[in-house]
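Structure first, then comments.
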Amino acid sequence: MSFDLDRQAFEGLGRLCADAAENCIISAPDPVGMERIEARFHGSAFDPHRHDTYAIGVTLRGVQTFRYRGAARLSLPGQVIVLHPDELHDGGAGTEEGLRYRMLYLEPSLMLDCLGGTALPFVRDGVVTDEAFCATLLSALGPLEQELDELFVDDFLARLMQSLNRHAGKPAKPIAGTAWRAATLAGEYLTENLDRPVHSGELEAVTGLDRYALSRHFRAAFSTSPHRFLVMRRLQRARRMIAAGVPLAQIAIEAGFSDQSHFNRQFKKAFGMTPGRWSSLIHGNTAAA
């Protein structure tokens, strides 16, 4: 299988990244629930971390190495990486050549309608060789400088789910309608109230379930807890603010964290680096923060 990825589909912003600092991240303008980036690294890039989104990407150049589900994995140019929500992993370049890749971070909430009442598909090994899957992913990851319109996103998600289901280790189990509805209501309520503490009693009132049943149903639908879901939405807001150049101390408060040290700890647990380091990579300052 031959992939001339650097010259074929990744011009424009992709070239800027290749010609810029040795290590960099470029983020795209995306709708809520999706995040697309291009990254270029030498050596280790991310410490062990986990996030509640799918991370689905394509290696463009070099060898991408990471530990996932207790084993070392590698991805070569043209291969697709699929990391399930809330699974611990790290990442970096496997050779001195360095690493270049594009990644889509996708909230499970965007996939609910496509799933038709079944659980999230799980791709066990984390690396897939599939030209059709790769082409589907490139249709969204190619034009990073362009915003994706709603009709494209709808069709892309449908095709993406088909690819994920094709590579899932076993058929997805159906989720009860009551659980699905409660998880959706709770997720929407948490997203609408990111800037303040949310109490269990509020979610009980919104969903009609006690907090323990809701926690079980929520994890079945989203592969994470309501608390972690709320923290991750705050962190995603923080990443958008970092890209916009907002000072980190201001972000910590406006994104709903108690102070900057709390923000720093949660950010590194979720993304494998500090917010200062992320900011330096986004804005082209190669000095690690």
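Each chain in the structure tokens gets a letter, A, B, ..., in the order shown, and its residues are numbered from 1; ligands are numbered from 1 in order too.
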
Go through stretch 148-257 of chain A and flag each residue having an atom no more than 10 Å from stretch 33-36 of chain A; for those, report the closest pair of atoms plus their distance in Å to one decimal, using only C-alpha atoms, ordered by chain and rising number, as CSV.
residue,atom,partner,partner_atom,distance
A:Val153,CA,A:Met34,CA,9.7
A:Arg233,CA,A:Gly33,CA,9.0
A:Gln236,CA,A:Glu35,CA,8.8
A:Arg239,CA,A:Glu35,CA,9.9
A:Arg240,CA,A:Glu35,CA,9.5

List every residue of stretch 136-183 of chain A that has an atom at most 9 Å from any atom of stretch 218-232 of chain A, giving for each one its closest atom pair and the distance in Å to one decimal, counting only C-alpha atoms, sorted by chain and then by ascending residue number, as CSV.
residue,atom,partner,partner_atom,distance
A:Ile175,CA,A:Ala221,CA,7.5
A:Ala179,CA,A:Phe218,CA,7.3
A:Trp180,CA,A:Ala221,CA,6.5
A:Ala182,CA,A:Phe218,CA,7.5
A:Ala183,CA,A:Phe218,CA,4.7

Among A:Leu76, A:Cys24, A:Ala243, A:Ala45, A:Val128 is approached most closely, using only C-alpha atoms, by A:Leu76

Exercise for the section: Show which residues sit within 12 Å of A:Met111, as a count of residues only. Count only C-alpha atoms, and ignore same-chain residues fewer than 2 positions away. Expected result: 31

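Nearest residue to A:Glu22 among A:Glu97, A:Glu147, A:Asp90, A:Asp47 is A:Glu97, counting only C-alpha atoms.
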
Skip A:Glu38 itself and residues of its chain fewer than 5 positions away, then list as a ChimeraX atom specification all residues within 6 Å of it, counting only C-alpha atoms.
/A:25-26,101-102

Atom CA of A:Tyr189 sits from atom CA of A:Met273 at a separation of 28.7 Å

message = Residues of stretch 15-236 of chain A classed as helix (DSSP H, G or I) by DSSP on the backbone are to be reported as JSON, numbers by chain.
response = {"A": [15, 16, 17, 18, 19, 108, 109, 110, 111, 112, 113, 114, 115, 131, 132, 133, 134, 135, 136, 137, 138, 139, 140, 141, 150, 151, 152, 153, 154, 155, 156, 157, 158, 159, 160, 161, 162, 163, 164, 165, 166, 167, 177, 178, 179, 180, 181, 182, 183, 184, 185, 186, 187, 188, 189, 190, 191, 192, 200, 201, 202, 203, 204, 205, 206, 207, 211, 212, 213, 214, 215, 216, 217, 218, 219, 220, 221, 222, 226, 227, 228, 229, 230, 231, 232, 233, 234, 235, 236]}

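Taking atom CA of A:Glu145 and atom CA of A:Ala28 as the two end points, the separation is 6.2 Å.
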
Neighbour list for A:Phe122 as a PyMOL selection string, cut-off 7 Å, only C-alpha atoms, skip fewer than 4 positions in-chain: chain A and resi 84+168-169

From the list A:Ala249, A:Asp259, A:Gln79, A:Leu88, the nearest residue to A:Leu138 using only C-alpha atoms is A:Gln79

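We find atom CA of A:Phe46 and atom CA of A:Gly78 to be spaced 21.2 Å apart.
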
Residue neighbourhood A:Val123, 12 Å, only C-alpha atoms, exclusion window fewer than 5 positions, as a short mmCIF file (atom, residue, chain, number, x, y, z; two decimals) with all heavy atoms, in the first residue's frame:
data_model
loop_
_atom_site.label_atom_id
_atom_site.label_comp_id
_atom_site.auth_asym_id
_atom_site.auth_seq_id
_atom_site.Cartn_x
_atom_site.Cartn_y
_atom_site.Cartn_z
N TYR A 54 -12.90 9.91 21.60
CA TYR A 54 -12.12 9.09 20.69
C TYR A 54 -10.97 9.94 20.16
O TYR A 54 -11.11 11.15 19.94
CB TYR A 54 -12.96 8.65 19.48
CG TYR A 54 -13.77 7.41 19.68
CD1 TYR A 54 -15.12 7.50 20.03
CD2 TYR A 54 -13.22 6.15 19.50
CE1 TYR A 54 -15.89 6.35 20.19
CE2 TYR A 54 -13.97 5.00 19.66
CZ TYR A 54 -15.31 5.11 20.01
OH TYR A 54 -16.05 3.98 20.19
N ALA A 55 -9.82 9.32 19.94
CA ALA A 55 -8.72 9.95 19.22
C ALA A 55 -8.47 9.07 18.00
O ALA A 55 -8.04 7.92 18.12
CB ALA A 55 -7.47 10.05 20.09
N ILE A 56 -8.76 9.60 16.82
CA ILE A 56 -8.68 8.83 15.58
C ILE A 56 -7.82 9.62 14.60
O ILE A 56 -8.14 10.76 14.27
CB ILE A 56 -10.08 8.58 14.98
CG1 ILE A 56 -11.02 8.01 16.03
CG2 ILE A 56 -9.99 7.64 13.78
CD1 ILE A 56 -12.47 7.92 15.57
N TYR A 68 -0.58 1.44 24.76
CA TYR A 68 -2.03 1.45 24.79
C TYR A 68 -2.52 0.10 25.28
O TYR A 68 -2.08 -0.93 24.75
CB TYR A 68 -2.56 1.74 23.38
CG TYR A 68 -4.06 1.78 23.23
CD1 TYR A 68 -4.82 2.76 23.84
CD2 TYR A 68 -4.73 0.83 22.45
CE1 TYR A 68 -6.20 2.80 23.68
CE2 TYR A 68 -6.10 0.85 22.29
CZ TYR A 68 -6.83 1.85 22.91
OH TYR A 68 -8.20 1.89 22.76
N ARG A 69 -3.32 0.10 26.30
CA ARG A 69 -3.85 -1.13 26.90
C ARG A 69 -2.73 -2.10 27.26
O ARG A 69 -2.79 -3.29 27.01
CB ARG A 69 -4.87 -1.79 25.96
CG ARG A 69 -6.12 -0.94 25.78
CD ARG A 69 -7.15 -1.61 24.90
NE ARG A 69 -7.54 -2.94 25.39
CZ ARG A 69 -8.38 -3.16 26.40
NH1 ARG A 69 -8.93 -2.14 27.05
NH2 ARG A 69 -8.68 -4.41 26.77
N VAL A 80 -4.14 3.94 10.37
CA VAL A 80 -5.10 4.69 11.17
C VAL A 80 -4.95 4.28 12.63
O VAL A 80 -4.89 3.09 12.96
CB VAL A 80 -6.54 4.42 10.70
CG1 VAL A 80 -7.56 5.11 11.62
CG2 VAL A 80 -6.73 4.90 9.26
N ILE A 81 -4.92 5.26 13.52
CA ILE A 81 -4.88 5.03 14.96
C ILE A 81 -6.27 5.26 15.52
O ILE A 81 -6.92 6.27 15.20
CB ILE A 81 -3.87 5.96 15.64
CG1 ILE A 81 -2.45 5.60 15.21
CG2 ILE A 81 -4.00 5.89 17.16
CD1 ILE A 81 -1.40 6.55 15.75
N VAL A 82 -6.77 4.35 16.35
CA VAL A 82 -8.08 4.48 16.98
C VAL A 82 -7.90 4.24 18.48
O VAL A 82 -7.66 3.11 18.91
CB VAL A 82 -9.11 3.48 16.41
CG1 VAL A 82 -10.47 3.70 17.09
CG2 VAL A 82 -9.23 3.63 14.91
N LEU A 83 -8.01 5.30 19.27
CA LEU A 83 -7.90 5.19 20.72
C LEU A 83 -9.29 5.39 21.33
O LEU A 83 -9.94 6.41 21.09
CB LEU A 83 -6.93 6.23 21.27
CG LEU A 83 -5.52 6.20 20.66
CD1 LEU A 83 -4.65 7.27 21.30
CD2 LEU A 83 -4.89 4.83 20.80
N HIS A 84 -9.71 4.42 22.11
CA HIS A 84 -11.04 4.46 22.72
C HIS A 84 -11.07 5.47 23.85
O HIS A 84 -10.05 5.71 24.51
CB HIS A 84 -11.38 3.06 23.25
CG HIS A 84 -12.82 2.86 23.58
ND1 HIS A 84 -13.78 2.68 22.62
CD2 HIS A 84 -13.48 2.83 24.76
CE1 HIS A 84 -14.95 2.52 23.19
NE2 HIS A 84 -14.79 2.62 24.50
N PRO A 85 -12.23 6.09 24.11
CA PRO A 85 -12.33 7.04 25.22
C PRO A 85 -11.88 6.43 26.55
O PRO A 85 -12.16 5.27 26.85
CB PRO A 85 -13.82 7.39 25.25
CG PRO A 85 -14.28 7.18 23.86
CD PRO A 85 -13.48 6.01 23.34
N GLU A 87 -9.05 5.50 27.73
CA GLU A 87 -7.99 4.50 27.78
C GLU A 87 -6.64 5.22 27.90
O GLU A 87 -6.32 6.12 27.13
CB GLU A 87 -7.99 3.62 26.53
CG GLU A 87 -9.16 2.66 26.44
CD GLU A 87 -9.01 1.47 27.38
OE1 GLU A 87 -7.90 1.28 27.93
OE2 GLU A 87 -10.01 0.75 27.57
N VAL A 128 -4.98 0.37 12.69
CA VAL A 128 -5.73 -0.29 11.63
C VAL A 128 -5.08 0.01 10.29
O VAL A 128 -4.70 1.16 10.02
CB VAL A 128 -7.19 0.22 11.61
CG1 VAL A 128 -7.92 -0.25 10.37
CG2 VAL A 128 -7.93 -0.24 12.87
N MET A 161 -18.49 5.89 11.52
CA MET A 161 -19.04 4.85 12.39
C MET A 161 -19.05 3.50 11.69
O MET A 161 -18.82 2.46 12.31
CB MET A 161 -20.45 5.23 12.83
CG MET A 161 -20.51 6.41 13.80
SD MET A 161 -19.42 6.19 15.22
CE MET A 161 -20.00 4.61 15.83
N SER A 163 -16.84 2.47 9.56
CA SER A 163 -15.45 1.99 9.62
C SER A 163 -15.12 1.48 11.02
O SER A 163 -14.49 0.42 11.17
CB SER A 163 -14.49 3.11 9.22
OG SER A 163 -14.65 3.47 7.86
N LEU A 164 -15.51 2.22 12.04
CA LEU A 164 -15.23 1.78 13.41
C LEU A 164 -15.92 0.45 13.71
O LEU A 164 -15.32 -0.46 14.30
CB LEU A 164 -15.68 2.85 14.41
CG LEU A 164 -14.83 4.12 14.47
CD1 LEU A 164 -15.51 5.16 15.36
CD2 LEU A 164 -13.43 3.83 14.98
N ASN A 165 -17.17 0.34 13.33
CA ASN A 165 -17.90 -0.90 13.59
C ASN A 165 -17.29 -2.08 12.84
O ASN A 165 -17.29 -3.21 13.34
CB ASN A 165 -19.37 -0.73 13.20
CG ASN A 165 -20.15 0.09 14.20
OD1 ASN A 165 -19.90 0.02 15.41
ND2 ASN A 165 -21.12 0.87 13.73
N ARG A 166 -16.75 -1.81 11.65
CA ARG A 166 -16.15 -2.88 10.86
C ARG A 166 -14.92 -3.46 11.57
O ARG A 166 -14.62 -4.66 11.44
CB ARG A 166 -15.76 -2.34 9.48
CG ARG A 166 -15.32 -3.41 8.50
CD ARG A 166 -15.28 -2.89 7.08
NE ARG A 166 -14.30 -1.85 6.86
CZ ARG A 166 -14.58 -0.58 6.61
NH1 ARG A 166 -15.85 -0.16 6.57
NH2 ARG A 166 -13.62 0.31 6.41
N HIS A 167 -14.21 -2.62 12.32
CA HIS A 167 -12.98 -3.07 12.97
C HIS A 167 -13.15 -3.37 14.45
O HIS A 167 -12.17 -3.76 15.11
CB HIS A 167 -11.88 -2.03 12.77
CG HIS A 167 -11.37 -1.97 11.36
ND1 HIS A 167 -10.47 -2.88 10.86
CD2 HIS A 167 -11.67 -1.13 10.34
CE1 HIS A 167 -10.21 -2.59 9.59
NE2 HIS A 167 -10.93 -1.54 9.26
N ALA A 168 -14.34 -3.18 14.97
CA ALA A 168 -14.58 -3.51 16.38
C ALA A 168 -14.45 -5.01 16.59
O ALA A 168 -14.81 -5.81 15.72
CB ALA A 168 -15.96 -3.02 16.80
N GLY A 169 -13.94 -5.39 17.74
CA GLY A 169 -13.67 -6.79 17.99
C GLY A 169 -14.90 -7.66 18.07
O GLY A 169 -14.87 -8.84 17.75
N LYS A 170 -16.03 -7.10 18.49
CA LYS A 170 -17.26 -7.87 18.61
C LYS A 170 -18.43 -6.92 18.41
O LYS A 170 -18.29 -5.71 18.56
CB LYS A 170 -17.35 -8.53 19.98
CG LYS A 170 -17.29 -7.58 21.16
CD LYS A 170 -17.35 -8.33 22.49
CE LYS A 170 -16.13 -9.19 22.69
NZ LYS A 170 -16.11 -9.83 24.04
N PRO A 171 -19.59 -7.44 18.03
CA PRO A 171 -20.75 -6.56 17.82
C PRO A 171 -21.07 -5.76 19.07
O PRO A 171 -20.98 -6.27 20.19
CB PRO A 171 -21.88 -7.56 17.49
CG PRO A 171 -21.18 -8.78 16.98
CD PRO A 171 -19.89 -8.86 17.74
N ALA A 172 -21.42 -4.50 18.87
CA ALA A 172 -21.74 -3.64 20.01
C ALA A 172 -23.03 -4.09 20.68
O ALA A 172 -24.00 -4.46 20.01
CB ALA A 172 -21.88 -2.19 19.54
#

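Closest approach to A:Phe41 among A:Gln266, A:Arg100, A:Ala71, A:Ser27 is made by A:Arg100 (distances from only C-alpha atoms).
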
Restricting to only C-alpha atoms, whichever of A:Gln146, A:Thr136, A:Thr274, A:Ser75 is closest to A:Pro31 is A:Gln146
